[in-house]
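All remarks here apply to the structure that follows.
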Amino acid sequence: MKNYLTIAALTVVLASCQSSDNELAGLKKETVTDSVKPATDFKYIAEQFADLRVLRYHVDGFENLDLKTKTLLYYLSEAALCGRDMNYDQNYKYNLVIRKTLESILSMENHDSESEDFKKLEIYAKRVWFSNGIHHHYNNDKFIPECSEEFFTHVISHVEGDQLPLQAGQSKEDFIKFITPLIFDPTIAAKKVSLDSKKDLVKSSAVNFYEGVTQKEAVDFYAAQVNKKSEQNPMYGLNSKLMKENGKLVEKIYKVGGMYSPSIEKIVYWLEKAITVAENENQKASLEALVKFYKTGSLEDFDLYNIAWVKDTESAVDVVNGFIEVYQDPLGKKGSFESVVSIKDFEASKRIATIGANAQWFEDNSPLLPQHKKKDVKGISAKVINAVMESGDAAPSTPIGINLPNNEWIREVHGSKSVNLGNIVEAYDQAAGGSVVNEFYYNDEIKQRVIKYGSLSDKLHTDMHEVIGHASGVIEKGVGSSSETLKNYASALEEGRADLVALYYLMDPKLIDLGVMPNLECGKAAYDEYITKGLIVQLSRIKPGKEIEEAHMRNRKMVAAWVFEKGAKENVIEKKFENEKTYYVVNDYAKLRVLFGDLLREIQRVKSQGDYKAGHDLIENYGVKIDPTLHTEIIARYEKLKIAPYAGFIQPKLVPTMEGDKVIDVKIEYPENFTQQMLEYGKNYGLLPAYN
């Protein structure tokens, strides 16, 4: 599971946005001691366009690593980049056609390049790169170029036919007629992931995980594969496309020799090179198991890889590479390709390791029903990492925390790894700006607390969410996995469950006793932020008239709205309206903690018992609807701040120095031009054909 800038940010780390009030000037944020330090004169902000901000992150100390470690990071980074085409194709079957066309246009000398229409087309291309396709990376809506169709067809007509992704026998004129509506018609593939329970989720979603298949057919197909006598089933459907051939359902497996083979073959090539410079036997065994999975496509082999990966706790270098998260599948079955290559930050890891070492205490003292607590919390490995390369579903928009593997039985039997991406969080902190705190928090006392403790409380929330939250609780015997029982609500409920674990303990003196939190004022800041962002600030991301669909946003709204309603009689959270502005103010932090615990207990029960109706009701009643009057107000208030609400990253570039076939050094560069990097990626890592 990933923790996308939940508490940490709804812009560029909102918690650390500085107020413009004079009385707040001079306040310093209190942060836990980390070894990640701002790089001197490093430029964190690259550019801003549409509703997006492009940043850069620094890999502190890379130059001082030994050659073997640098080489390992280089090989793993190449493996990461070789998979990026797969994520485009998974997101929509014509994404690669559109991306390759745009790259052809932008790569040629163009006499129209200074025109306003051409600049609008460039922005559209940047949005496609940022979102790995033609749908918004967060709200899933299709976005349309602001230039005219006529201008697009004019520009593309000047591209040589051999530079366009034409199908066999297709003329350039026919290709233009084919691709233009794919880009400009808002009714074609209107929604990447639809979670509207009133519709067939498969048919109403544009993702390329299913073709010619109904929701019922897909659900029944995978339900039939589950061995109900076993508690160790793989995650069926994770690495395949389900479609009909001659009226029968068949899976196209992602593997060497199967679907996406050109990309996977190159991933295997680089992983096999990485094996030759592995740090230790456990890391070597993990990489070998991953290579085997890519060659066989067997999900049993994927489980064996995950078990081997969990055992590798001593290595400084780590990698996530594969078909991992299921957020982009409306049925929660299909894994999107992603890769995160990283190196451990040993000093900063002390905080998160302390939390992980006390996982059993947190489980024993949680408000869960006794039968839903883990009696023996297994092997939680927790650390802070510095990202070196991100790809696929993890880039340019990146998580700040990761907890894997996702298969529940592996977590229960073998344990899990939790990480906080330290240099990503640092980059957000360094790029932060604006006056969100001043605009959306009620009074100076709250503003001062959020500014002083917000950065630390964000880190602690991410740590607790990933290390304790996702690793907690058990499913009752005989109950299927959440993707089977809770279906399209599984992801939002799971993220809500992990958030609630974090929130419950952020007001517990135990964190003070452990030395990771200075006082309960830090916990109060976390509560102030969660309620304000869940009920107010995140609405700035939703288009007028729309409901909330993204899983993490549904989770935050559900949690905040539920505790607001349940605490209404005692005025635990008070809704205030002053100077034509709405605020939500926490009046009783202790009672709010109790409410968080109550909801945590219920969501764990829902998961443990597979109670679909109760899960449906929680999300639909509390996590989806938006008050239109409040929505209009928040959008207007946020627009005045002139801050792009989403951010992502240009990746570092690892450049080897070669002596024949031997790597004798690896240097790291930090590109500043997003367009240039994306064109370079398209040229060097465009491994898949346009049509798959």
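Ordered as shown in the structure tokens, chains take letters A, B, and onward, while each chain numbers its residues from 1 and ligands are numbered from 1 in the order shown.
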
Contacts of Pro405 in chain A within 8 Å, only C-alpha atoms, excl. fewer than 4 positions in-chain, as a short mmCIF file (atom, residue, chain, number, x, y, z; two decimals) with all heavy atoms, in the first residue's frame:
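Final file, selection-v8.cif:
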```cif
data_model
loop_
_atom_site.label_atom_id
_atom_site.label_comp_id
_atom_site.auth_asym_id
_atom_site.auth_seq_id
_atom_site.Cartn_x
_atom_site.Cartn_y
_atom_site.Cartn_z
N MET A 1 0.83 -1.19 0.00
CA MET A 1 0.00 0.00 0.00
C MET A 1 0.87 1.25 0.00
O MET A 1 1.95 1.27 0.56
CB MET A 1 -0.92 0.04 1.23
CG MET A 1 -1.91 -1.11 1.30
SD MET A 1 -1.18 -2.55 2.08
CE MET A 1 -2.67 -3.53 2.35
N ASN A 306 7.94 -12.15 -2.90
CA ASN A 306 7.61 -11.25 -1.80
C ASN A 306 8.12 -11.77 -0.46
O ASN A 306 8.57 -11.00 0.39
CB ASN A 306 6.09 -11.03 -1.74
CG ASN A 306 5.62 -9.98 -2.73
OD1 ASN A 306 6.04 -8.83 -2.68
ND2 ASN A 306 4.75 -10.38 -3.64
N VAL A 310 10.80 -9.72 1.80
CA VAL A 310 10.57 -9.35 3.19
C VAL A 310 11.74 -9.78 4.07
O VAL A 310 12.09 -9.10 5.04
CB VAL A 310 9.25 -9.97 3.70
CG1 VAL A 310 9.14 -9.89 5.21
CG2 VAL A 310 8.05 -9.27 3.06
N ILE A 410 0.78 -13.23 3.44
CA ILE A 410 2.22 -13.07 3.56
C ILE A 410 2.55 -12.11 4.69
O ILE A 410 3.47 -12.33 5.49
CB ILE A 410 2.83 -12.58 2.23
CG1 ILE A 410 2.61 -13.61 1.13
CG2 ILE A 410 4.33 -12.30 2.40
CD1 ILE A 410 3.13 -13.19 -0.23
N ARG A 411 1.78 -11.06 4.82
CA ARG A 411 1.99 -10.09 5.89
C ARG A 411 1.82 -10.75 7.26
O ARG A 411 2.58 -10.48 8.19
CB ARG A 411 1.01 -8.93 5.74
CG ARG A 411 1.09 -8.21 4.42
CD ARG A 411 -0.12 -7.31 4.18
NE ARG A 411 -0.11 -6.21 5.12
CZ ARG A 411 0.59 -5.11 4.98
NH1 ARG A 411 1.36 -4.95 3.93
NH2 ARG A 411 0.55 -4.16 5.87
N SER A 416 6.20 -7.66 6.95
CA SER A 416 6.11 -6.63 5.90
C SER A 416 7.24 -5.63 6.07
O SER A 416 7.92 -5.59 7.09
CB SER A 416 4.76 -5.91 5.96
OG SER A 416 4.62 -5.25 7.22
N LYS A 417 7.43 -4.83 5.03
CA LYS A 417 8.38 -3.73 5.08
C LYS A 417 7.61 -2.41 4.97
O LYS A 417 6.72 -2.28 4.13
CB LYS A 417 9.37 -3.81 3.91
CG LYS A 417 10.45 -4.86 4.02
CD LYS A 417 11.40 -4.71 2.83
CE LYS A 417 12.46 -5.77 2.80
NZ LYS A 417 13.36 -5.61 1.64
#
```

Contacts of Tyr57 in chain A at 9 Å (only C-alpha atoms; same-chain gap of 6+ positions) as a tab-separated table (two decimals) with C-alpha atoms, in the first residue's frame:
```
chain	number	residue	atom	x	y	z
A	42	PHE	CA	19.78	22.92	-4.95
A	43	LYS	CA	16.82	24.01	-7.05
A	44	TYR	CA	13.78	22.10	-5.78
A	387	ALA	CA	14.61	7.58	-3.40
A	388	VAL	CA	17.14	7.32	-6.24
A	423	ASN	CA	14.25	12.88	0.57
A	424	ILE	CA	10.87	13.15	-1.14
A	426	GLU	CA	12.37	16.88	2.35
A	427	ALA	CA	11.86	18.13	-1.20
A	428	TYR	CA	8.23	18.91	-0.47
A	649	PHE	CA	9.13	15.02	-9.68
A	650	ILE	CA	11.78	15.08	-12.35
A	651	GLN	CA	13.99	12.04	-11.69
A	652	PRO	CA	17.75	12.11	-11.13
A	670	TYR	CA	19.77	16.37	-11.63
```

Between CA of Pro645 in chain A and CA of Leu81 in chain A, distance in Å (one decimal):
26.4 Å

For Ala190 in chain A, which residue among A:Ile267, A:Ile134, A:Leu506, A:Leu404 is the nearest when counting only C-alpha atoms?
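Using only C-alpha atoms, Ala190 in chain A sits closest to A:Ile134.
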
From the list A:Asn3, A:Arg449, A:Lys333, A:Lys374, which residue is nearest Ile475 in chain A when using only C-alpha atoms?
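Counting only C-alpha atoms, the residue closest to Ile475 in chain A is A:Lys374.
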
Do you have, as JSON lines, the list of residues of range 77-137 of chain A lying at most 12 Å from range 336-343 of chain A, each with its nearest atom pair and that distance in Å to one decimal, counting only C-alpha atoms and ordered by chain then number?
```
{"residue": "A:Ser77", "atom": "CA", "partner": "A:Val341", "partner_atom": "CA", "distance": 6.3}
{"residue": "A:Glu78", "atom": "CA", "partner": "A:Val341", "partner_atom": "CA", "distance": 9.9}
{"residue": "A:Ala79", "atom": "CA", "partner": "A:Ser339", "partner_atom": "CA", "distance": 8.4}
{"residue": "A:Ala80", "atom": "CA", "partner": "A:Ser339", "partner_atom": "CA", "distance": 5.2}
{"residue": "A:Leu81", "atom": "CA", "partner": "A:Ser339", "partner_atom": "CA", "distance": 8.1}
{"residue": "A:Cys82", "atom": "CA", "partner": "A:Ser339", "partner_atom": "CA", "distance": 9.9}
{"residue": "A:Gly83", "atom": "CA", "partner": "A:Phe337", "partner_atom": "CA", "distance": 6.9}
{"residue": "A:Arg84", "atom": "CA", "partner": "A:Phe337", "partner_atom": "CA", "distance": 7.4}
{"residue": "A:Asp85", "atom": "CA", "partner": "A:Phe337", "partner_atom": "CA", "distance": 9.1}
{"residue": "A:Met86", "atom": "CA", "partner": "A:Phe337", "partner_atom": "CA", "distance": 6.5}
{"residue": "A:Asn87", "atom": "CA", "partner": "A:Phe337", "partner_atom": "CA", "distance": 5.4}
{"residue": "A:Tyr88", "atom": "CA", "partner": "A:Phe337", "partner_atom": "CA", "distance": 9.2}
{"residue": "A:Asp89", "atom": "CA", "partner": "A:Ser336", "partner_atom": "CA", "distance": 9.9}
{"residue": "A:Gln90", "atom": "CA", "partner": "A:Ser336", "partner_atom": "CA", "distance": 7.0}
{"residue": "A:Asn91", "atom": "CA", "partner": "A:Ser336", "partner_atom": "CA", "distance": 8.4}
{"residue": "A:Tyr92", "atom": "CA", "partner": "A:Ser336", "partner_atom": "CA", "distance": 11.8}
{"residue": "A:Asn132", "atom": "CA", "partner": "A:Phe337", "partner_atom": "CA", "distance": 11.3}
```

Given the selection you just returned, output its residues as a file containing all heavy atoms, formatted as a compact mmCIF listing (two decimals), in the first residue's frame.
```
# COMPACT_ATOMS: atom_id res chain seq x y z
N SER A 77 17.93 1.14 -11.42
CA SER A 77 17.26 2.30 -12.01
C SER A 77 16.92 2.06 -13.47
O SER A 77 15.84 2.45 -13.95
CB SER A 77 18.14 3.55 -11.87
OG SER A 77 18.29 3.90 -10.51
N GLU A 78 17.83 1.42 -14.20
CA GLU A 78 17.55 1.07 -15.59
C GLU A 78 16.37 0.10 -15.67
O GLU A 78 15.49 0.22 -16.54
CB GLU A 78 18.79 0.47 -16.24
CG GLU A 78 19.90 1.47 -16.50
CD GLU A 78 19.50 2.55 -17.49
OE1 GLU A 78 19.17 2.22 -18.63
OE2 GLU A 78 19.50 3.74 -17.09
N ALA A 79 16.34 -0.88 -14.77
CA ALA A 79 15.21 -1.82 -14.74
C ALA A 79 13.90 -1.09 -14.48
O ALA A 79 12.86 -1.41 -15.05
CB ALA A 79 15.45 -2.88 -13.67
N ALA A 80 13.96 -0.09 -13.61
CA ALA A 80 12.75 0.70 -13.30
C ALA A 80 12.23 1.41 -14.54
O ALA A 80 11.04 1.36 -14.87
CB ALA A 80 13.06 1.71 -12.19
N LEU A 81 13.12 2.08 -15.25
CA LEU A 81 12.71 2.88 -16.40
C LEU A 81 12.23 2.03 -17.56
O LEU A 81 11.39 2.47 -18.36
CB LEU A 81 13.86 3.78 -16.84
CG LEU A 81 14.22 4.90 -15.85
CD1 LEU A 81 15.53 5.57 -16.25
CD2 LEU A 81 13.10 5.92 -15.75
N CYS A 82 12.71 0.81 -17.65
CA CYS A 82 12.29 -0.08 -18.74
C CYS A 82 10.84 -0.53 -18.61
O CYS A 82 10.27 -1.08 -19.55
CB CYS A 82 13.21 -1.30 -18.82
SG CYS A 82 14.85 -0.91 -19.47
N GLY A 83 10.22 -0.28 -17.46
CA GLY A 83 8.84 -0.70 -17.27
C GLY A 83 7.80 0.39 -17.44
O GLY A 83 6.60 0.13 -17.38
N ARG A 84 8.24 1.64 -17.69
CA ARG A 84 7.30 2.77 -17.66
C ARG A 84 6.24 2.67 -18.75
O ARG A 84 5.10 3.08 -18.55
CB ARG A 84 8.04 4.11 -17.72
CG ARG A 84 8.77 4.37 -19.02
CD ARG A 84 9.64 5.63 -18.93
NE ARG A 84 8.87 6.84 -18.76
CZ ARG A 84 8.46 7.63 -19.75
NH1 ARG A 84 8.69 7.27 -21.02
NH2 ARG A 84 7.80 8.73 -19.50
N ASP A 85 6.59 2.13 -19.94
CA ASP A 85 5.59 1.99 -21.01
C ASP A 85 4.40 1.14 -20.57
O ASP A 85 3.27 1.38 -21.00
CB ASP A 85 6.23 1.33 -22.24
CG ASP A 85 6.81 2.35 -23.21
OD1 ASP A 85 6.88 3.54 -22.86
OD2 ASP A 85 7.21 1.94 -24.32
N MET A 86 4.65 0.15 -19.74
CA MET A 86 3.57 -0.74 -19.32
C MET A 86 2.50 0.02 -18.55
O MET A 86 1.30 -0.22 -18.73
CB MET A 86 4.12 -1.89 -18.46
CG MET A 86 4.97 -2.87 -19.24
SD MET A 86 5.38 -4.37 -18.29
CE MET A 86 6.59 -3.71 -17.14
N ASN A 87 2.93 0.94 -17.70
CA ASN A 87 1.95 1.69 -16.92
C ASN A 87 1.09 2.57 -17.80
O ASN A 87 -0.12 2.69 -17.58
CB ASN A 87 2.66 2.52 -15.85
CG ASN A 87 1.69 3.17 -14.89
OD1 ASN A 87 1.67 4.39 -14.74
ND2 ASN A 87 0.88 2.37 -14.23
N TYR A 88 1.69 3.18 -18.83
CA TYR A 88 0.89 3.96 -19.79
C TYR A 88 -0.18 3.07 -20.42
O TYR A 88 -1.36 3.44 -20.49
CB TYR A 88 1.78 4.51 -20.90
CG TYR A 88 2.47 5.81 -20.57
CD1 TYR A 88 3.70 5.82 -19.92
CD2 TYR A 88 1.90 7.04 -20.91
CE1 TYR A 88 4.35 7.01 -19.63
CE2 TYR A 88 2.53 8.23 -20.63
CZ TYR A 88 3.76 8.21 -19.98
OH TYR A 88 4.39 9.40 -19.69
N ASP A 89 0.22 1.91 -20.88
CA ASP A 89 -0.73 1.04 -21.58
C ASP A 89 -1.78 0.50 -20.63
O ASP A 89 -2.94 0.31 -21.02
CB ASP A 89 0.02 -0.13 -22.24
CG ASP A 89 -0.83 -0.83 -23.29
OD1 ASP A 89 -1.07 -0.23 -24.35
OD2 ASP A 89 -1.29 -1.97 -23.03
N GLN A 90 -1.42 0.23 -19.40
CA GLN A 90 -2.41 -0.24 -18.42
C GLN A 90 -3.47 0.82 -18.15
O GLN A 90 -4.64 0.51 -17.95
CB GLN A 90 -1.70 -0.60 -17.10
CG GLN A 90 -0.87 -1.87 -17.16
CD GLN A 90 -0.16 -2.11 -15.85
OE1 GLN A 90 0.46 -1.21 -15.28
NE2 GLN A 90 -0.25 -3.33 -15.35
N ASN A 91 -3.06 2.08 -18.16
CA ASN A 91 -3.99 3.17 -17.83
C ASN A 91 -5.03 3.40 -18.92
O ASN A 91 -6.14 3.87 -18.62
CB ASN A 91 -3.22 4.46 -17.56
CG ASN A 91 -2.52 4.45 -16.22
OD1 ASN A 91 -2.88 3.68 -15.33
ND2 ASN A 91 -1.51 5.29 -16.06
N TYR A 92 -4.70 3.08 -20.18
CA TYR A 92 -5.64 3.23 -21.29
C TYR A 92 -4.99 2.65 -22.53
O TYR A 92 -3.81 2.90 -22.79
CB TYR A 92 -6.00 4.71 -21.50
CG TYR A 92 -6.92 4.99 -22.67
CD1 TYR A 92 -8.11 4.28 -22.86
CD2 TYR A 92 -6.59 5.97 -23.61
CE1 TYR A 92 -8.94 4.54 -23.95
CE2 TYR A 92 -7.43 6.25 -24.68
CZ TYR A 92 -8.60 5.52 -24.85
OH TYR A 92 -9.42 5.78 -25.92
N ASN A 132 0.92 9.82 -16.81
CA ASN A 132 1.10 8.53 -17.49
C ASN A 132 -0.12 8.19 -18.34
O ASN A 132 -0.58 7.04 -18.36
CB ASN A 132 1.38 7.40 -16.49
CG ASN A 132 2.69 7.60 -15.75
OD1 ASN A 132 3.63 8.15 -16.30
ND2 ASN A 132 2.75 7.16 -14.52
```

In terms of the shortest atom-to-atom distance over only C-alpha atoms, which of A:Ile183, A:Leu290, A:Leu73, A:Leu238 is closest to Arg99 in chain A?
A:Ile183

Please identify all polymer residues within 9 Å of Tyr530 in chain A, counting only C-alpha atoms, omitting same-chain residues fewer than 3 positions from it, and present them as a PDB file with C-alpha atoms, in the first residue's frame.
```pdb
ATOM      1  CA  THR A   6      -2.333  12.363   2.786  1.00  0.00           C
ATOM      2  CA  ILE A   7      -1.685  14.340   5.914  1.00  0.00           C
ATOM      3  CA  LEU A 503      -4.585   9.167  14.400  1.00  0.00           C
ATOM      4  CA  ALA A 525      -1.614  19.551  15.269  1.00  0.00           C
ATOM      5  CA  ALA A 526      -2.188  16.252  13.449  1.00  0.00           C
ATOM      6  CA  TYR A 527      -5.870  16.319  14.458  1.00  0.00           C
ATOM      7  CA  LYS A 533      -8.024  18.919   5.142  1.00  0.00           C
ATOM      8  CA  GLY A 534     -10.561  16.119   5.114  1.00  0.00           C
ATOM      9  CA  LEU A 535     -13.588  18.402   5.323  1.00  0.00           C
ATOM     10  CA  ARG A 556     -10.131  11.259   4.496  1.00  0.00           C
ATOM     11  CA  ALA A 560     -13.510  13.360   9.115  1.00  0.00           C
TER      12      ALA A 560
END
```

Test item, strand (DSSP E) assignment across range 197-298 of chain A, answer as a ChimeraX atom specification:
/A:210-211,240-245,248-253

Only C-alpha atoms, please: the residues just picked out, written as a compact mmCIF listing (two decimals), in the first residue's frame.
```txt
# COMPACT_ATOMS: atom_id res chain seq x y z
CA TYR A 210 -10.32 -5.72 -19.20
CA GLU A 211 -11.68 -5.87 -22.72
CA SER A 240 -2.83 -9.92 -16.48
CA LYS A 241 -5.39 -8.45 -18.81
CA LEU A 242 -8.74 -10.27 -18.86
CA MET A 243 -10.51 -10.36 -22.21
CA LYS A 244 -12.74 -12.46 -24.42
CA GLU A 245 -11.53 -14.54 -27.33
CA LYS A 248 -14.34 -17.31 -23.80
CA LEU A 249 -12.59 -15.43 -21.02
CA VAL A 250 -8.81 -15.58 -21.24
CA GLU A 251 -5.98 -13.88 -19.39
CA LYS A 252 -3.09 -12.24 -21.18
CA ILE A 253 -0.28 -12.67 -18.66
```

Range 432-530 of chain A: which residues are helix (DSSP H, G or I) by DSSP, as an NGL selection string?
:A and (436-440 or 444-469 or 482-485 or 487-505 or 510-513 or 520-530)

Rank A:Gly297, A:Gly237, A:Gly169, A:Gly473 by their smallest atom-to-atom distance to Gln609 in chain A, using only C-alpha atoms, and report the top residue only.
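Between A:Gly297, A:Gly237, A:Gly169, A:Gly473, the residue approaching Gln609 in chain A most closely is A:Gly473.
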
Tell me which protein, DNA and RNA residues are within 12 Å of Thr532 in chain A, counting only C-alpha atoms, leaving out same-chain ones fewer than 5 positions away, and put them as a VMD selection string.
chain A and resid 7 9 to 10 14 to 15 436 to 437 439 to 442 446 to 447 450 525 to 527 537 to 539 556 to 557 559 to 561 564 573 to 576 582 to 586 634

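In this model, the gap between CA of Ile531 in chain A and CA of Phe49 in chain A comes to 28.8 Å.
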
Got a sec: who's within 9 Å of Ser381 in chain A, counting only C-alpha atoms, leaving out chain neighbours fewer than 4 positions off, as a PyMOL selection string?
chain A and resi 310+313+353+356-357+415-419+467

Could the residues in this selection be saved with N, CA and C atoms as an mmCIF file, in the first residue's frame?
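Listed below is the output, out26.cif:
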```cif
data_model
loop_
_atom_site.group_PDB
_atom_site.id
_atom_site.type_symbol
_atom_site.label_atom_id
_atom_site.label_comp_id
_atom_site.auth_asym_id
_atom_site.auth_seq_id
_atom_site.Cartn_x
_atom_site.Cartn_y
_atom_site.Cartn_z
ATOM 1 N N VAL A 310 10.798 -9.717 1.797
ATOM 2 C CA VAL A 310 10.567 -9.349 3.195
ATOM 3 C C VAL A 310 11.742 -9.778 4.070
ATOM 4 N N THR A 313 16.316 -7.658 5.090
ATOM 5 C CA THR A 313 16.180 -6.493 5.965
ATOM 6 C C THR A 313 17.509 -5.791 6.232
ATOM 7 N N ALA A 353 12.169 3.040 12.977
ATOM 8 C CA ALA A 353 12.527 1.722 13.508
ATOM 9 C C ALA A 353 12.037 1.569 14.939
ATOM 10 N N GLY A 356 8.428 0.674 14.696
ATOM 11 C CA GLY A 356 8.270 -0.706 14.251
ATOM 12 C C GLY A 356 8.597 -1.712 15.329
ATOM 13 N N ALA A 357 9.609 -1.412 16.148
ATOM 14 C CA ALA A 357 10.018 -2.331 17.209
ATOM 15 C C ALA A 357 8.949 -2.489 18.279
ATOM 16 N N GLY A 415 5.517 -11.186 7.584
ATOM 17 C CA GLY A 415 5.775 -9.801 7.933
ATOM 18 C C GLY A 415 5.716 -8.871 6.738
ATOM 19 N N SER A 416 6.201 -7.657 6.947
ATOM 20 C CA SER A 416 6.115 -6.634 5.903
ATOM 21 C C SER A 416 7.244 -5.632 6.067
ATOM 22 N N LYS A 417 7.431 -4.834 5.034
ATOM 23 C CA LYS A 417 8.380 -3.726 5.076
ATOM 24 C C LYS A 417 7.612 -2.414 4.974
ATOM 25 N N SER A 418 8.008 -1.464 5.798
ATOM 26 C CA SER A 418 7.430 -0.128 5.739
ATOM 27 C C SER A 418 8.540 0.884 5.550
ATOM 28 N N VAL A 419 8.305 1.832 4.658
ATOM 29 C CA VAL A 419 9.315 2.858 4.416
ATOM 30 C C VAL A 419 8.680 4.233 4.336
ATOM 31 N N VAL A 467 3.726 1.639 9.026
ATOM 32 C CA VAL A 467 4.359 0.609 9.851
ATOM 33 C C VAL A 467 3.352 -0.138 10.705
#
```

What is the CA of Gly469 in chain A to CA of Asn140 in chain A distance in Å?
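Computed distance, CA of Gly469 in chain A to CA of Asn140 in chain A, equals 26.4 Å.
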